[in-house]
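A.B. asks: Submitted below is the structure of interest, expressed as structure tokens.
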Amino acid sequence: MLPGNLRALPRVLAFLFLGLLLCPLRYFSLFHENVLDTSWVYAMNVAALRNLAFGVDIIWTTGPLGYLFQPFDLGQNLVHGLIAQGVVWIVLLWVAADLCFLAGVPVRNLGAFLGCTALAAPLFHFNFGGVESLLLTAMFVLAALLLLREFLWRRFLLLILLIPPIVLIKGTGMAIAIGVLGGVITALAIRREWRRAAVAAALSALLIPILTLVSFRLSTGTWAMGPYLQGLVDISSEYSVLMATDGPWDEKLRALAVFACLAGVFLMAFLGRQRQWILALPFAVPLLVSVKHGFVRQDAHVINFFCMALLLLGLLLLFMESWRFNRNLPILLMLLVVVAFQSVQWRLGWAYLDDISGWSNLRTLAGVLDLPNTRQRLAHEPLPPYGRDFPLDPPLLQAIGQHSISIVSSVLIQAAWHNLAFVPLPLPQGYPCTRKLDERNAAWIARQGPEKVLLEWFIVDGRHPLNDNPATMLALFQWYEPELTQPRYLLLRRRAQPRSVPLQPLQTQSIDITQGIAVPDSSLPVFARVELELTAFGKLAKLLYHVPELRMTISPASSGEATYRVMAESLGTPHLVSHLPTNLPAAATYFQGQPAANPKISRLTFSGPGLDYYHHTVRVEFLTLNPAAR
């Protein structure tokens with residue numbers, strides 16, 4: 001027993017450590033080695049600098065406030081970002097103080113919660129993001145205090161106030177936040193606190209739309225929030241198909257074990273009449289969303305699930321009044337923690353310890369306190385290996401000059417390295433998603449495309465660099481022509497007048513896709529529209545998990561084959577099949593207005609684990625392109 005004047009010390013130390021773990025301060029280098037993720041973050045920073053309207057001028061999984069928590073030192077983005085992050089930190093510290101000093105939580109429970117939160121810390125740093133996870137963590141804490149401690153309306157109002165910024169930071173965070181709020185109201189109703197549940201529901205229905213709309217207006221200068229929300233729906237609708245990759249089976253088994261252990265703990269609490277079982281209601285959506293977020297693309301994304309499980313376990317332990325209501329509880333707790341820890345450590349290596357200890361946050365905090373030197377260091381970092389291996393050579397940079405330029409590639413960060421007048425497409429990074437978004441990019445190119453376009457022959461996940469976005473590529477064919485060709489890059493310049501591209505129906509067939517598709521013999525370039533439809537099982541897999549990759553092999557009439565991953569949605573837009581370019585010189589020939597000069601393709605063959613998720617009988621419409629079009 002500590003002396004009276006020292007009894008608050010453990011709580012003070014817990015508060016300080018929790019405040020360090022929840023530190024949201026972030027800044028990033030333009031020269032990060034992860035060029036793919038750095039590229040989309042750069043595009044969002046440019047969108048903020050240019051005051052592009054989300055949902056209209058730019059569409060992504062992050063929102064108009066996202067750049068403030070992923071700032072590059074561009075314009076005033078870094079300064080504005082650090083100010084916003086400081087405000088968020090104050091809010092998080094307020095919640096931490098409520099938990100450590102006012103909620104009456106025993107010190108031993110605080111210790112268990114801090115341990116689990118530390119193990120879950122990579123969730124707060126994932127993929128140039130994590131601030132939305134910090135705000136969600138504050139929501140989790142407030143939800144638990146509302147249900148298992150005193151229900152204070154100031155806590156509920158703060159929970160509501162956290163939702164608008166989450167909606168404007170990250171789309172997936174919005175789904176989780178609404179799930180947590182719905183879980184709290186449902187729990188109140190289950191406990192027959194009807195009046196409190198009714199008032200909470202009414203306040204939520206009234207305040208959240210108003211506050212979110214006002215926040216959107218203040219951050220974007222427009223009231224048009226509908227297109228932003230529609231854009232989030234559009235870009236996320238095909239996520240389970242677009243990003244699907246499989247990883248080790250043993251990792252899936254570990255995830256299943258962790259999920260079963262956490263569900264078992266809640267079930268034991270329910271059967272043992274422990275009050276904390278009620279947390280299963282607000283925590284169900286976060287856990288289920290983290291499963292999909294982690295295992296649709298089974299790479300480093302899996303840490304989202306394992307860290308979320310650890311965080312939710314910590315909140316459960318925070319209110320565990322007795323450890324003796326079930327003798328199997330310690331076994332489940334130990335198994336969950338050990339398996340989740342090992343799984344995250346396997347993905348992150350021993351750098352995981354920097355997150356657990358808070359050391360990574362301390363380094364960032366030191367950099368913020370010494371901001372002038374930090375900005376100087378960020379500005380003088382060397383190019384990463386990608387920039388050195390695939391440079392934009394002087395002749396290419398000279399041809400670009402100060403002309404406005406868009407980049408059709410997954411790597412956009414080259415524009416920042418060379419100070420180009422970069423203009424992002426509405427859907428940057430050539431992100432293949434839905435037919436609707438592809439057509440949005442195509443319409444933008446036709447209406448206000450830049451003076452130059454840089455096309456990079458860059459293959460991601462085995463996808464064809466041109467065929468993922470067929471409407472965009474056809475718009476580029478209409479409006480642009482080659483100016484300069486290098487081994488990896490093709491520079492296009494805008495034409496004074498667009499080419500006429502009259503696509504004329506050739507024939508329509510009903511084909512068994514497992515037998516392949518014969519490309520009609522024609523002296524004209526042939527395009528195809530393939531209408532693939534998911535089976536009932538495929539639709540269920542897409543909703544709950546993912547649809548494995550679908551591959552298309554193109555067989556030239558002469559010799560040789562090439563196989564690419566394809567998106568079913570993209571195949572529904574007319575795309576060139578008879579003379580599809582398979583390298584950059586062939587792409588240059590295509591954009592010269594001579595697609596038929598490339599090797600002729602005689603057959604398309606579909607394969608891959610995703611093939612059985614679609615109906616095998618498909619409708620194929622062939623169209624032709626008049627080669628006289630200019």
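Just remember, in the structure tokens the first chain shown is A, the second B, etc., residues are 1-based per chain, and ligands are 1-based in the order shown.
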Could you list, with a cut-off of 9 Å and counting only C-alpha atoms, the residues of range 412-521 of chain A near range 607-616 of chain A, each shown with its nearest atom pair and the distance in Å rounded to one decimal, rows sorted by chain and ascending number, as JSON lines?
C.D. replies:
{"residue": "A:Ile511", "atom": "CA", "partner": "A:His616", "partner_atom": "CA", "distance": 8.0}
{"residue": "A:Asp512", "atom": "CA", "partner": "A:His616", "partner_atom": "CA", "distance": 5.4}
{"residue": "A:Ile513", "atom": "CA", "partner": "A:His616", "partner_atom": "CA", "distance": 5.2}
{"residue": "A:Thr514", "atom": "CA", "partner": "A:His616", "partner_atom": "CA", "distance": 6.4}
A.B. asks: For range 479-493 of chain A, find every residue with an atom within 6 Å (counting only C-alpha atoms), except residues of its own chain fewer than 5 positions away, and show them as JSON, numbers by chain.
C.D. replies: {"A": [451, 452, 453, 454, 455, 456, 457, 498, 591, 592]}
A.B. asks: Would you put the residues from that selection into a file with N, CA, C and O atoms, as a compact mmCIF listing (two decimals), in the first residue's frame?
C.D. replies:
# COMPACT_ATOMS: atom_id res chain seq x y z
N GLU A 451 -2.12 19.75 -69.91
CA GLU A 451 -1.38 19.88 -71.17
C GLU A 451 -0.58 18.62 -71.48
O GLU A 451 -0.42 18.25 -72.64
N LYS A 452 -0.06 17.97 -70.45
CA LYS A 452 0.75 16.77 -70.65
C LYS A 452 0.25 15.66 -69.72
O LYS A 452 -0.33 15.93 -68.66
N VAL A 453 0.48 14.43 -70.15
CA VAL A 453 0.19 13.25 -69.33
C VAL A 453 1.41 12.34 -69.39
O VAL A 453 1.91 12.05 -70.49
N LEU A 454 1.87 11.89 -68.24
CA LEU A 454 2.99 10.96 -68.17
C LEU A 454 2.44 9.58 -67.86
O LEU A 454 1.82 9.36 -66.82
N LEU A 455 2.66 8.66 -68.79
CA LEU A 455 2.21 7.28 -68.63
C LEU A 455 3.42 6.43 -68.27
O LEU A 455 4.41 6.41 -69.00
N GLU A 456 3.33 5.73 -67.15
CA GLU A 456 4.42 4.85 -66.73
C GLU A 456 3.96 3.40 -66.89
O GLU A 456 2.86 3.05 -66.48
N TRP A 457 4.82 2.58 -67.47
CA TRP A 457 4.51 1.16 -67.60
C TRP A 457 4.87 0.49 -66.28
O TRP A 457 5.96 0.00 -66.08
N PRO A 498 -9.78 16.53 -80.63
CA PRO A 498 -9.78 15.10 -80.29
C PRO A 498 -9.93 14.24 -81.53
O PRO A 498 -10.49 14.66 -82.54
N PHE A 591 -1.15 5.05 -79.03
CA PHE A 591 -1.50 6.46 -78.87
C PHE A 591 -1.14 7.29 -80.09
O PHE A 591 -1.58 8.44 -80.21
N GLN A 592 -0.36 6.73 -81.02
CA GLN A 592 -0.13 7.40 -82.29
C GLN A 592 -1.32 7.28 -83.23
O GLN A 592 -1.33 7.84 -84.32
A.B. asks: For Met567 in chain A, which of A:Leu99, A:Leu114, A:Val302, A:Val547 is the closest residue, counting only C-alpha atoms?
C.D. replies: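 Among A:Leu99, A:Leu114, A:Val302, A:Val547, it is A:Val547 that comes nearest to Met567 in chain A.
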A.B. asks: Pick the closest to Ile554 in chain A from A:Val258, A:Leu52, A:Val566, A:Leu532: which is it, counting only C-alpha atoms?
C.D. replies: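 The answer is A:Val566, which sits nearest to Ile554 in chain A.
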